[in-house]
Structures are given as structure tokens and as C-alpha cells.
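Asker: This is the content of run-v6.pdb (PDB, C-alpha atoms):
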ATOM      1  CA  MET A   1      55.045   0.529 -14.115
ATOM      2  CA  THR A   2      53.983   0.077 -10.553
ATOM      3  CA  SER A   3      50.618   1.561  -9.932
ATOM      4  CA  ASN A   4      48.326   1.923  -6.981
ATOM      5  CA  ALA A   5      45.274   1.949  -9.200
ATOM      6  CA  ILE A   6      42.523  -0.536  -8.463
ATOM      7  CA  LYS A   7      39.351  -1.217 -10.359
ATOM      8  CA  ILE A   8      36.053  -1.849  -8.638
ATOM      9  CA  ASN A   9      32.614  -2.679  -9.921
ATOM     10  CA  VAL A  10      29.835  -0.419  -8.608
ATOM     11  CA  LEU A  11      26.164  -1.406  -8.451
ATOM     12  CA  LEU A  12      23.353   1.030  -7.682
ATOM     13  CA  PHE A  13      19.883  -0.007  -6.571
ATOM     14  CA  GLY A  14      16.453   1.475  -5.975
ATOM     15  CA  ALA A  15      16.204   5.232  -5.686
ATOM     16  CA  CYS A  16      20.023   5.526  -5.878
ATOM     17  CA  ARG A  17      20.012   3.802  -9.271
ATOM     18  CA  GLU A  18      17.186   5.985 -10.496
ATOM     19  CA  VAL A  19      18.692   9.266  -9.316
ATOM     20  CA  ALA A  20      22.118   8.441 -10.766
ATOM     21  CA  GLY A  21      20.632   7.128 -14.004
ATOM     22  CA  ALA A  22      23.057   4.189 -13.874
ATOM     23  CA  SER A  23      22.864   0.701 -12.443
ATOM     24  CA  GLU A  24      26.385  -0.612 -12.967
ATOM     25  CA  LEU A  25      29.733   1.002 -13.643
ATOM     26  CA  ASN A  26      33.434   0.369 -13.385
ATOM     27  CA  PHE A  27      35.380   2.699 -11.190
ATOM     28  CA  ASP A  28      39.110   3.359 -10.796
ATOM     29  CA  LEU A  29      40.415   4.173  -7.339
ATOM     30  CA  THR A  30      43.789   4.676  -5.767
ATOM     31  CA  SER A  31      44.899   2.117  -3.215
ATOM     32  CA  PRO A  32      44.530   2.052  -0.260
ATOM     33  CA  ALA A  33      40.843   2.601  -0.866
ATOM     34  CA  ASP A  34      37.801   2.339   1.325
ATOM     35  CA  VAL A  35      34.035   2.569   0.947
ATOM     36  CA  ALA A  36      33.925   6.196   2.116
ATOM     37  CA  GLY A  37      36.489   7.267  -0.484
ATOM     38  CA  ALA A  38      34.699   5.428  -3.258
ATOM     39  CA  TRP A  39      31.382   6.958  -2.207
ATOM     40  CA  ASN A  40      32.907  10.451  -2.378
ATOM     41  CA  GLU A  41      34.255   9.832  -5.887
ATOM     42  CA  ILE A  42      30.948   8.390  -7.032
ATOM     43  CA  LYS A  43      29.080  11.415  -5.682
ATOM     44  CA  THR A  44      31.463  13.628  -7.643
ATOM     45  CA  ARG A  45      30.463  11.841 -10.821
ATOM     46  CA  PHE A  46      26.770  11.731  -9.887
ATOM     47  CA  PRO A  47      26.112  14.878  -7.821
ATOM     48  CA  ASN A  48      22.428  13.974  -7.458
ATOM     49  CA  LEU A  49      23.469  11.147  -5.127
ATOM     50  CA  GLU A  50      24.372  13.763  -2.514
ATOM     51  CA  LYS A  51      20.800  13.547  -1.222
ATOM     52  CA  PHE A  52      21.613  10.008  -0.014
ATOM     53  CA  GLU A  53      24.629  11.177   1.996
ATOM     54  CA  ARG A  54      22.969  10.380   5.312
ATOM     55  CA  SER A  55      20.913   7.371   4.309
ATOM     56  CA  ALA A  56      22.968   5.369   1.780
ATOM     57  CA  LEU A  57      23.918   1.825   2.716
ATOM     58  CA  PHE A  58      26.769  -0.189   1.274
ATOM     59  CA  ALA A  59      27.676  -3.765   0.538
ATOM     60  CA  VAL A  60      31.042  -5.128  -0.539
ATOM     61  CA  ASN A  61      30.970  -8.430  -2.408
ATOM     62  CA  GLU A  62      27.376  -9.008  -1.336
ATOM     63  CA  GLU A  63      27.973  -8.439   2.391
ATOM     64  CA  HIS A  64      26.705  -5.394   4.305
ATOM     65  CA  ALA A  65      29.635  -3.009   4.749
ATOM     66  CA  ARG A  66      30.597   0.114   6.658
ATOM     67  CA  LYS A  67      32.126   3.278   5.267
ATOM     68  CA  GLU A  68      35.502   2.486   6.847
ATOM     69  CA  ASP A  69      35.710  -0.959   5.231
ATOM     70  CA  PRO A  70      38.586  -1.356   2.736
ATOM     71  CA  LEU A  71      38.202  -1.980  -0.981
ATOM     72  CA  LYS A  72      40.598  -4.001  -3.069
ATOM     73  CA  ASP A  73      41.018  -4.590  -6.771
ATOM     74  CA  GLY A  74      38.083  -6.459  -8.275
ATOM     75  CA  ASP A  75      35.654  -5.801  -5.423
ATOM     76  CA  THR A  76      31.989  -5.148  -6.084
ATOM     77  CA  LEU A  77      30.580  -2.188  -4.159
ATOM     78  CA  ALA A  78      26.800  -1.918  -4.004
ATOM     79  CA  ILE A  79      25.148   1.357  -2.976
ATOM     80  CA  PHE A  80      21.499   1.541  -2.019
ATOM     81  CA  PRO A  81      18.906   3.277   0.176
ATOM     82  CA  PRO A  82      17.607   1.601   3.359
ATOM     83  CA  VAL A  83      15.877  -1.590   2.270
ATOM     84  CA  SER A  84      12.082  -1.688   1.970
ATOM     85  CA  GLY A  85      11.215  -5.280   1.100
ATOM     86  CA  GLY A  86       8.391  -7.313   2.550
TER      87      GLY A  86
ATOM     88  CA  MET B   1      15.726 -28.612   3.207
ATOM     89  CA  ASP B   2      15.243 -24.927   3.888
ATOM     90  CA  ILE B   3      14.192 -22.785   0.926
ATOM     91  CA  PHE B   4      15.324 -19.225   0.122
ATOM     92  CA  GLU B   5      14.326 -17.823  -3.231
ATOM     93  CA  ILE B   6      13.833 -14.624  -5.186
ATOM     94  CA  THR B   7      11.431 -14.900  -8.099
ATOM     95  CA  ARG B   8       9.689 -12.843 -10.719
ATOM     96  CA  GLU B   9       6.813 -15.365 -10.819
ATOM     97  CA  PRO B  10       3.749 -15.474  -8.521
ATOM     98  CA  ILE B  11       4.615 -17.291  -5.279
ATOM     99  CA  ASP B  12       3.201 -20.791  -4.880
ATOM    100  CA  LYS B  13       2.235 -20.614  -1.201
ATOM    101  CA  PRO B  14       0.641 -24.077  -0.817
ATOM    102  CA  GLY B  15       3.577 -25.515  -2.752
ATOM    103  CA  LEU B  16       6.061 -23.916  -0.362
ATOM    104  CA  GLU B  17       4.156 -25.189   2.689
ATOM    105  CA  LYS B  18       4.084 -28.671   1.219
ATOM    106  CA  ARG B  19       7.798 -28.676   0.444
ATOM    107  CA  LEU B  20       8.581 -27.783   4.064
ATOM    108  CA  LEU B  21       6.249 -30.200   5.793
ATOM    109  CA  THR B  22       8.179 -32.936   7.598
ATOM    110  CA  GLY B  23       6.694 -35.816   9.538
ATOM    111  CA  ALA B  24       7.944 -34.316  12.793
ATOM    112  CA  ALA B  25       6.117 -31.029  12.200
ATOM    113  CA  GLY B  26       2.966 -30.345  14.200
ATOM    114  CA  ALA B  27       2.710 -26.683  13.236
ATOM    115  CA  VAL B  28       2.987 -24.711  10.025
ATOM    116  CA  VAL B  29       2.996 -20.929  10.405
ATOM    117  CA  THR B  30       2.871 -18.895   7.210
ATOM    118  CA  PHE B  31       3.302 -15.145   6.823
ATOM    119  CA  ASP B  32       1.937 -13.849   3.542
ATOM    120  CA  GLY B  33       2.810 -10.239   2.751
ATOM    121  CA  VAL B  34       0.416  -8.826   0.169
ATOM    122  CA  VAL B  35       0.178  -5.566  -1.742
ATOM    123  CA  ARG B  36      -2.120  -3.031  -0.037
ATOM    124  CA  ASP B  37      -4.197  -0.588  -2.074
ATOM    125  CA  ASN B  38      -3.377   2.490  -0.017
ATOM    126  CA  THR B  39      -0.608   4.192   1.875
ATOM    127  CA  LYS B  40      -1.103   7.192   4.161
ATOM    128  CA  GLY B  41      -4.491   7.829   2.610
ATOM    129  CA  ARG B  42      -3.191   7.719  -0.925
ATOM    130  CA  ARG B  43      -4.518   5.162  -3.381
ATOM    131  CA  VAL B  44      -1.868   2.693  -4.566
ATOM    132  CA  VAL B  45      -2.330   1.254  -8.050
ATOM    133  CA  SER B  46       0.529  -1.264  -7.976
ATOM    134  CA  LEU B  47       4.007  -1.874  -6.575
ATOM    135  CA  GLN B  48       7.330  -2.354  -8.274
ATOM    136  CA  TYR B  49       9.951  -4.404  -6.413
ATOM    137  CA  GLU B  50      13.655  -4.402  -7.139
ATOM    138  CA  ALA B  51      16.151  -6.856  -5.639
ATOM    139  CA  TYR B  52      19.907  -7.280  -5.427
ATOM    140  CA  GLU B  53      19.310 -10.920  -6.125
ATOM    141  CA  PRO B  54      22.449 -12.808  -5.062
ATOM    142  CA  MET B  55      22.850 -10.741  -1.902
ATOM    143  CA  ALA B  56      19.152 -10.993  -1.063
ATOM    144  CA  VAL B  57      19.335 -14.780  -1.114
ATOM    145  CA  LYS B  58      22.488 -14.686   1.037
ATOM    146  CA  GLU B  59      20.779 -12.448   3.600
ATOM    147  CA  MET B  60      17.754 -14.744   3.667
ATOM    148  CA  ARG B  61      20.041 -17.697   4.351
ATOM    149  CA  ARG B  62      21.608 -15.728   7.173
ATOM    150  CA  ILE B  63      18.164 -15.167   8.701
ATOM    151  CA  GLY B  64      17.533 -18.897   8.401
ATOM    152  CA  ALA B  65      20.761 -19.594  10.288
ATOM    153  CA  GLU B  66      19.811 -17.068  12.992
ATOM    154  CA  ILE B  67      16.458 -18.790  13.404
ATOM    155  CA  ARG B  68      18.049 -22.214  13.788
ATOM    156  CA  LYS B  69      20.347 -20.841  16.461
ATOM    157  CA  ARG B  70      17.515 -19.178  18.413
ATOM    158  CA  TRP B  71      14.925 -21.915  17.927
ATOM    159  CA  PRO B  72      16.722 -25.238  17.447
ATOM    160  CA  ASP B  73      13.350 -27.028  17.373
ATOM    161  CA  VAL B  74      12.406 -25.471  14.031
ATOM    162  CA  GLU B  75      11.976 -28.140  11.376
ATOM    163  CA  ARG B  76      12.152 -26.073   8.185
ATOM    164  CA  VAL B  77      12.433 -22.433   7.124
ATOM    165  CA  GLY B  78      11.158 -21.157   3.788
ATOM    166  CA  VAL B  79      11.316 -17.612   2.420
ATOM    167  CA  ILE B  80      10.305 -16.602  -1.100
ATOM    168  CA  HIS B  81      10.296 -12.925  -2.124
ATOM    169  CA  ARG B  82       8.922 -11.776  -5.437
ATOM    170  CA  PHE B  83      10.215  -8.866  -7.510
ATOM    171  CA  GLY B  84       9.057  -6.960 -10.577
ATOM    172  CA  PRO B  85       5.569  -5.451 -10.932
ATOM    173  CA  LEU B  86       2.889  -6.608  -8.448
ATOM    174  CA  GLU B  87      -0.848  -5.968  -8.396
ATOM    175  CA  ILE B  88      -3.043  -5.257  -5.360
ATOM    176  CA  SER B  89      -3.523  -8.364  -3.153
ATOM    177  CA  GLU B  90      -0.687 -10.282  -4.787
ATOM    178  CA  SER B  91       1.897 -11.809  -2.433
ATOM    179  CA  SER B  92       5.240 -10.029  -2.341
ATOM    180  CA  VAL B  93       6.742 -12.318   0.281
ATOM    181  CA  VAL B  94       5.794 -15.654   1.805
ATOM    182  CA  ILE B  95       7.535 -17.059   4.879
ATOM    183  CA  VAL B  96       6.808 -20.548   6.157
ATOM    184  CA  ILE B  97       8.118 -22.094   9.369
ATOM    185  CA  THR B  98       7.417 -25.664  10.357
ATOM    186  CA  SER B  99       8.098 -26.984  13.845
ATOM    187  CA  PRO B 100       6.900 -29.717  16.201
ATOM    188  CA  HIS B 101       4.835 -27.228  18.263
ATOM    189  CA  ARG B 102       3.165 -23.916  17.483
ATOM    190  CA  ARG B 103       4.961 -21.468  19.758
ATOM    191  CA  VAL B 104       8.333 -21.833  18.096
ATOM    192  CA  ALA B 105       6.824 -21.576  14.617
ATOM    193  CA  PHE B 106       4.940 -18.354  15.487
ATOM    194  CA  GLU B 107       7.998 -16.735  17.069
ATOM    195  CA  ALA B 108      10.396 -17.752  14.309
ATOM    196  CA  CYS B 109       8.022 -16.572  11.589
ATOM    197  CA  ARG B 110       7.620 -13.156  13.212
ATOM    198  CA  TYR B 111      11.383 -12.895  13.594
ATOM    199  CA  ALA B 112      11.940 -13.827   9.946
ATOM    200  CA  ILE B 113       9.711 -11.089   8.512
ATOM    201  CA  ASP B 114      11.041  -8.460  10.933
ATOM    202  CA  ARG B 115      14.654  -9.291  10.020
ATOM    203  CA  LEU B 116      13.883  -9.479   6.311
ATOM    204  CA  LYS B 117      12.617  -5.913   6.416
ATOM    205  CA  GLN B 118      15.893  -4.805   8.036
ATOM    206  CA  THR B 119      18.588  -6.670   6.133
ATOM    207  CA  VAL B 120      17.467  -8.159   2.815
ATOM    208  CA  PRO B 121      18.363  -5.848  -0.118
ATOM    209  CA  ILE B 122      14.987  -5.389  -1.754
ATOM    210  CA  TRP B 123      13.243  -2.077  -2.465
ATOM    211  CA  LYS B 124       9.708  -1.191  -3.419
ATOM    212  CA  LYS B 125       8.233   1.686  -5.298
ATOM    213  CA  GLU B 126       4.596   2.627  -4.935
ATOM    214  CA  ILE B 127       2.783   3.497  -8.129
ATOM    215  CA  PHE B 128      -0.049   5.986  -7.529
ATOM    216  CA  GLU B 129      -2.683   7.219  -9.929
ATOM    217  CA  ASP B 130      -0.738  10.454 -10.273
ATOM    218  CA  GLY B 131       2.883   9.508  -9.766
ATOM    219  CA  GLU B 132       5.277   7.114  -8.094
ATOM    220  CA  GLU B 133       7.491   7.051  -5.020
ATOM    221  CA  TRP B 134      10.195   4.791  -3.561
ATOM    222  CA  VAL B 135       9.325   3.556  -0.087
ATOM    223  CA  GLU B 136      11.877   4.780   2.440
ATOM    224  CA  GLY B 137      13.166   1.897   4.521
ATOM    225  CA  GLN B 138      14.313   2.327   8.089
ATOM    226  CA  ALA B 139      18.061   2.826   8.323
ATOM    227  CA  PRO B 140      19.276  -0.178  10.325
ATOM    228  CA  GLU B 141      22.342  -0.544  12.455
ATOM    229  CA  VAL B 142      24.720  -2.475  10.251
ATOM    230  CA  SER B 143      25.783  -5.744  11.808
ATOM    231  CA  ARG B 144      28.273  -8.133  10.271
TER     232      ARG B 144
END
What do you get writing this file as C-alpha cells?

Answerer:
Amino acid sequence: MTSNAIKINVLLFGACREVAGASELNFDLTSPADVAGAWNEIKTRFPNLEKFERSALFAVNEEHARKEDPLKDGDTLAIFPPVSGG
Amino acid sequence: MDIFEITREPIDKPGLEKRLLTGAAGAVVTFDGVVRDNTKGRRVVSLQYEAYEPMAVKEMRRIGAEIRKRWPDVERVGVIHRFGPLEISESSVVIVITSPHRRVAFEACRYAIDRLKQTVPIWKKEIFEDGEEWVEGQAPEVSR
């Protein structure tokens, strides 16, 4: 069977992790996939994350990413609020 | 060699300075970020830091590379950020720059802490006597 399904690993940090009540999960997406699409699906599963719609930042495979960046099978997508280290 | 670390342990500031001191260095500038006991008039009991560890180290390395490009005279760059629970007056981050002369070390150190606050994936939560709150970072423009 040919399938367009891809699996990604999702990490949540800081207030996003706390609000979702999850820090790591596997997610199935349909290819072609991008960060924006994944974010929408994740918000569907965790509606409380909607409050981060305007502020959430993303990283793909440990590099800062934009919403239009593509996702491929096996990628790790991290979702987090603006950083506040220091 | 330059040093970029994330640790749960207290930061050894003199140790970091010593590790970065080369014979050619005439200046050591250290920024020590410590936990403050208040925010906007509210008493802070402690802080809780969370880090995306592998990415945080990568972003620190990137800052180190940016510094070397802007200030080629820099001898060594060191950044250690702590995570987990921190008490008042404990160091959350220590940045050390060594260089032949002071100006470069001051400028590079200032740049390092400013960039760290924009790009390194670390978050802090303030614990108050009557509750707790994540500190809202400033949304940066994402550069790659």
C-alpha cells in the first residue's frame, strides 16, 4: 500500500507543555506536511493551545523554523512560547 | 576551547573563567545573571528553569560563531546556563569572554547575553508566595 502518511515527533516546552499536559507525543500527518498544518492538528487535539496561536514558536530538528517550513517523516517538531532564559 | 553548557548543577564561575584564560588574554569580562527576589513589585520566592537541552547548546554555539565573526580578536567564549529550581541570588547564566583588550570583551559579552535572551530555548517560571507564572519572552523575528 502506498501511503502519504508521515510520522513526526512533537515536543512541547514551557507554558505550552503545561497547558497541553504533554511534553512529547508522536503525530501522524499526511504528506506534504508543513509546520502550520501540524500546529493546526495539534491544536485540535489540545484545544487549550489555542491561546498560543499568536505567540508560539517552532523548531524542526533543533533549528528555529517558520510556519511554512516543510515536515518530513521522522522530523522532530518542537513547539514553545517565546524564550525567557537568562 | 570555547565552552557551551547546560547544567542542573550550580555554575562554577571562577572555574569557567580559569578554563577560558589564555596567555594572550588581557581582559576577562563576565556576565553573571542571578535570580532576583521581586518582579513588578511582587515577591519572588524562587525560579524554575526549563531547557530544550540539545537545541539550547546548538543556539549557544551559534552565538559563539556570531561573536567570532563580529569580533575576531576574541580569545575564548564561554556560556553556561543552569536549569531546574534556583534560589534567590543563585546564578542562572554565566557568560565569560576573554580577549587581548577590554573593549572587545565588553561588547562581545553584552552581545552574548542579549542574543541568548532572544534565541536560546530556555524558559523560566517565577514562583511567588501565592502562585506561579511563566515569564513571557519577547517574540523575536526568526532568523535562520

Asker: Any idea which chain A residues end up within 10 Å of chain B if we count all atoms listed in the file, as a PyMOL selection string please?

Answerer: chain A and resi 11-15+18+54-59+61-66+78+80-86

Asker: Each residue of region 91-115 of chain B with at least one atom at most 7 Å from region 23-30 of chain B should appear once, together with its nearest atom pair and the corresponding distance in Å (one decimal); atoms considered: all atoms listed in the file; ordering: chain, then increasing residue number; output as a Markdown table.

Answerer:
| residue | atom | partner | partner_atom | distance |
| --- | --- | --- | --- | --- |
| B:Val94 | CA | B:Thr30 | CA | 6.9 |
| B:Ile95 | CA | B:Thr30 | CA | 5.5 |
| B:Val96 | CA | B:Thr30 | CA | 4.4 |
| B:Ile97 | CA | B:Val29 | CA | 5.4 |
| B:Thr98 | CA | B:Val28 | CA | 4.5 |
| B:Ser99 | CA | B:Ala25 | CA | 4.8 |
| B:Pro100 | CA | B:Ala25 | CA | 4.3 |
| B:His101 | CA | B:Gly26 | CA | 5.5 |
| B:Arg102 | CA | B:Ala27 | CA | 5.1 |
| B:Ala105 | CA | B:Val29 | CA | 5.7 |
| B:Phe106 | CA | B:Val29 | CA | 6.0 |
| B:Cys109 | CA | B:Val29 | CA | 6.8 |

Asker: Using C-alpha atoms, can you write the selected residues to a file as a PDB file, in the frame of the given file?

Answerer:
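Result file follows (part_36.pdb):
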ATOM      1  CA  VAL B  94       5.794 -15.654   1.805  1.00  0.00           C
ATOM      2  CA  ILE B  95       7.535 -17.059   4.879  1.00  0.00           C
ATOM      3  CA  VAL B  96       6.808 -20.548   6.157  1.00  0.00           C
ATOM      4  CA  ILE B  97       8.118 -22.094   9.369  1.00  0.00           C
ATOM      5  CA  THR B  98       7.417 -25.664  10.357  1.00  0.00           C
ATOM      6  CA  SER B  99       8.098 -26.984  13.845  1.00  0.00           C
ATOM      7  CA  PRO B 100       6.900 -29.717  16.201  1.00  0.00           C
ATOM      8  CA  HIS B 101       4.835 -27.228  18.263  1.00  0.00           C
ATOM      9  CA  ARG B 102       3.165 -23.916  17.483  1.00  0.00           C
ATOM     10  CA  ALA B 105       6.824 -21.576  14.617  1.00  0.00           C
ATOM     11  CA  PHE B 106       4.940 -18.354  15.487  1.00  0.00           C
ATOM     12  CA  CYS B 109       8.022 -16.572  11.589  1.00  0.00           C
TER      13      CYS B 109
END

Asker: Go ahead and compute the interatomic distance for CA of Thr44 (chain A) and CA of Leu71 (chain A), in Å to one decimal.

Answerer: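 A separation of 18.3 Å between them.
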
Asker: Just give me the gap between CA of Ile8 (chain A) and CA of Asp75 (chain A) in Å, one decimal is fine.

Answerer: 5.1 Å

Asker: Arg36 (chain B): which residues within 8 Å, counting all atoms listed in the file, same-chain residues fewer than 4 positions away excluded, as number ranges by chain?

Answerer: B: 44, 88-89

Asker: Would you write out those residues with C-alpha atoms, as a compact mmCIF listing (two decimals), keeping the file's coordinate frame?

Answerer:
# COMPACT_ATOMS: atom_id res chain seq x y z
CA VAL B 44 -1.87 2.69 -4.57
CA ILE B 88 -3.04 -5.26 -5.36
CA SER B 89 -3.52 -8.36 -3.15

Asker: Once the PyMOL selection byres ((chain A and resi 49) around 10) has been evaluated on this model, what residues remain selected, and can you format them as a PyMOL selection string?

Answerer: chain A and resi 15-20+39-40+42-48+50-53+56

Asker: So that I have them on file, write out the residues from the current selection with C-alpha atoms, as a CSV table (one decimal), keeping the file's coordinate frame.

Answerer:
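Dumped to part_4.csv:
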chain,number,residue,atom,x,y,z
A,15,ALA,CA,16.2,5.2,-5.7
A,16,CYS,CA,20.0,5.5,-5.9
A,17,ARG,CA,20.0,3.8,-9.3
A,18,GLU,CA,17.2,6.0,-10.5
A,19,VAL,CA,18.7,9.3,-9.3
A,20,ALA,CA,22.1,8.4,-10.8
A,39,TRP,CA,31.4,7.0,-2.2
A,40,ASN,CA,32.9,10.5,-2.4
A,42,ILE,CA,30.9,8.4,-7.0
A,43,LYS,CA,29.1,11.4,-5.7
A,44,THR,CA,31.5,13.6,-7.6
A,45,ARG,CA,30.5,11.8,-10.8
A,46,PHE,CA,26.8,11.7,-9.9
A,47,PRO,CA,26.1,14.9,-7.8
A,48,ASN,CA,22.4,14.0,-7.5
A,50,GLU,CA,24.4,13.8,-2.5
A,51,LYS,CA,20.8,13.5,-1.2
A,52,PHE,CA,21.6,10.0,0.0
A,53,GLU,CA,24.6,11.2,2.0
A,56,ALA,CA,23.0,5.4,1.8

Asker: Env of Pro85 (chain B): 8 Å cut, atoms = all atoms listed in the file, seq-sep filter 5 positions within chain, self excluded. Answer as a list in words.

Answerer: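 That gives Ser46, Leu47, Gln48 and Tyr49 of chain B.
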
Asker: Starting from the PyMOL selection byres ((chain A and resi 72) around 10), expand the selection into actual residues of this file and give them as number ranges by chain.

Answerer: A: 5-8, 29-34, 60, 70-71, 73-76

Asker: Selected residues, C-alpha atoms, written as a CSV table (one decimal), in the frame of the given file, please.

Answerer:
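Listed below is the output, selection.csv:
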chain,number,residue,atom,x,y,z
A,5,ALA,CA,45.3,1.9,-9.2
A,6,ILE,CA,42.5,-0.5,-8.5
A,7,LYS,CA,39.4,-1.2,-10.4
A,8,ILE,CA,36.1,-1.8,-8.6
A,29,LEU,CA,40.4,4.2,-7.3
A,30,THR,CA,43.8,4.7,-5.8
A,31,SER,CA,44.9,2.1,-3.2
A,32,PRO,CA,44.5,2.1,-0.3
A,33,ALA,CA,40.8,2.6,-0.9
A,34,ASP,CA,37.8,2.3,1.3
A,60,VAL,CA,31.0,-5.1,-0.5
A,70,PRO,CA,38.6,-1.4,2.7
A,71,LEU,CA,38.2,-2.0,-1.0
A,73,ASP,CA,41.0,-4.6,-6.8
A,74,GLY,CA,38.1,-6.5,-8.3
A,75,ASP,CA,35.7,-5.8,-5.4
A,76,THR,CA,32.0,-5.1,-6.1

Asker: Quick one: pull the distance between CA of Arg8 (chain B) and CA of Gly84 (chain B), Å, one decimal.

Answerer: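 Atom-to-atom, CA of Arg8 (chain B) and CA of Gly84 (chain B) are spaced 5.9 Å apart.
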
Asker: Just checking: using all atoms listed in the file, which residue out of B:Arg76, B:Arg103, B:Arg110, B:Lys40 ends up closest to Glu17 (chain B)?

Answerer: B:Arg76

Asker: Could you write region 61-83 of chain B as an mmCIF file, in the frame of the given file, with N, CA and C atoms rebuilt where they are missing?

Answerer:
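Here's the written file part13.cif:
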data_model
loop_
_atom_site.group_PDB
_atom_site.id
_atom_site.type_symbol
_atom_site.label_atom_id
_atom_site.label_comp_id
_atom_site.auth_asym_id
_atom_site.auth_seq_id
_atom_site.Cartn_x
_atom_site.Cartn_y
_atom_site.Cartn_z
ATOM 1 N N ARG B 61 19.387 -16.522 3.747
ATOM 2 C CA ARG B 61 20.041 -17.697 4.351
ATOM 3 C C ARG B 61 20.557 -17.363 5.742
ATOM 4 N N ARG B 62 21.087 -16.157 5.871
ATOM 5 C CA ARG B 62 21.608 -15.728 7.173
ATOM 6 C C ARG B 62 20.478 -15.691 8.205
ATOM 7 N N ILE B 63 19.316 -15.196 7.791
ATOM 8 C CA ILE B 63 18.164 -15.167 8.701
ATOM 9 C C ILE B 63 17.782 -16.600 9.087
ATOM 10 N N GLY B 64 17.827 -17.493 8.117
ATOM 11 C CA GLY B 64 17.533 -18.897 8.401
ATOM 12 C C GLY B 64 18.479 -19.456 9.456
ATOM 13 N N ALA B 65 19.765 -19.114 9.321
ATOM 14 C CA ALA B 65 20.761 -19.594 10.288
ATOM 15 C C ALA B 65 20.501 -19.002 11.668
ATOM 16 N N GLU B 66 20.123 -17.717 11.702
ATOM 17 C CA GLU B 66 19.811 -17.068 12.992
ATOM 18 C C GLU B 66 18.632 -17.768 13.663
ATOM 19 N N ILE B 67 17.647 -18.120 12.858
ATOM 20 C CA ILE B 67 16.458 -18.790 13.404
ATOM 21 C C ILE B 67 16.834 -20.150 13.995
ATOM 22 N N ARG B 68 17.667 -20.879 13.290
ATOM 23 C CA ARG B 68 18.049 -22.214 13.788
ATOM 24 C C ARG B 68 18.839 -22.122 15.091
ATOM 25 N N LYS B 69 19.585 -21.038 15.231
ATOM 26 C CA LYS B 69 20.347 -20.841 16.461
ATOM 27 C C LYS B 69 19.406 -20.503 17.625
ATOM 28 N N ARG B 70 18.428 -19.612 17.342
ATOM 29 C CA ARG B 70 17.515 -19.178 18.413
ATOM 30 C C ARG B 70 16.471 -20.219 18.757
ATOM 31 N N TRP B 71 16.002 -20.924 17.722
ATOM 32 C CA TRP B 71 14.925 -21.915 17.927
ATOM 33 C C TRP B 71 15.353 -23.237 17.308
ATOM 34 N N PRO B 72 16.188 -23.993 18.026
ATOM 35 C CA PRO B 72 16.722 -25.238 17.447
ATOM 36 C C PRO B 72 15.628 -26.243 17.088
ATOM 37 N N ASP B 73 14.438 -26.085 17.655
ATOM 38 C CA ASP B 73 13.350 -27.028 17.373
ATOM 39 C C ASP B 73 12.728 -26.837 15.988
ATOM 40 N N VAL B 74 13.014 -25.711 15.344
ATOM 41 C CA VAL B 74 12.406 -25.471 14.031
ATOM 42 C C VAL B 74 12.751 -26.609 13.079
ATOM 43 N N GLU B 75 11.749 -27.077 12.361
ATOM 44 C CA GLU B 75 11.976 -28.140 11.376
ATOM 45 C C GLU B 75 12.520 -27.560 10.067
ATOM 46 N N ARG B 76 11.746 -26.638 9.473
ATOM 47 C CA ARG B 76 12.152 -26.073 8.185
ATOM 48 C C ARG B 76 11.826 -24.587 8.127
ATOM 49 N N VAL B 77 12.642 -23.860 7.362
ATOM 50 C CA VAL B 77 12.433 -22.433 7.124
ATOM 51 C C VAL B 77 12.304 -22.229 5.619
ATOM 52 N N GLY B 78 11.299 -21.479 5.207
ATOM 53 C CA GLY B 78 11.158 -21.157 3.788
ATOM 54 C C GLY B 78 10.840 -19.681 3.602
ATOM 55 N N VAL B 79 11.577 -19.021 2.720
ATOM 56 C CA VAL B 79 11.316 -17.612 2.420
ATOM 57 C C VAL B 79 11.368 -17.433 0.906
ATOM 58 N N ILE B 80 10.292 -16.938 0.329
ATOM 59 C CA ILE B 80 10.305 -16.602 -1.100
ATOM 60 C C ILE B 80 9.840 -15.154 -1.242
ATOM 61 N N HIS B 81 10.649 -14.328 -1.880
ATOM 62 C CA HIS B 81 10.296 -12.925 -2.124
ATOM 63 C C HIS B 81 10.178 -12.725 -3.621
ATOM 64 N N ARG B 82 9.138 -12.044 -4.018
ATOM 65 C CA ARG B 82 8.922 -11.776 -5.437
ATOM 66 C C ARG B 82 9.479 -10.403 -5.799
ATOM 67 N N PHE B 83 9.843 -10.200 -7.053
ATOM 68 C CA PHE B 83 10.215 -8.866 -7.510
ATOM 69 C C PHE B 83 9.582 -8.610 -8.875
#
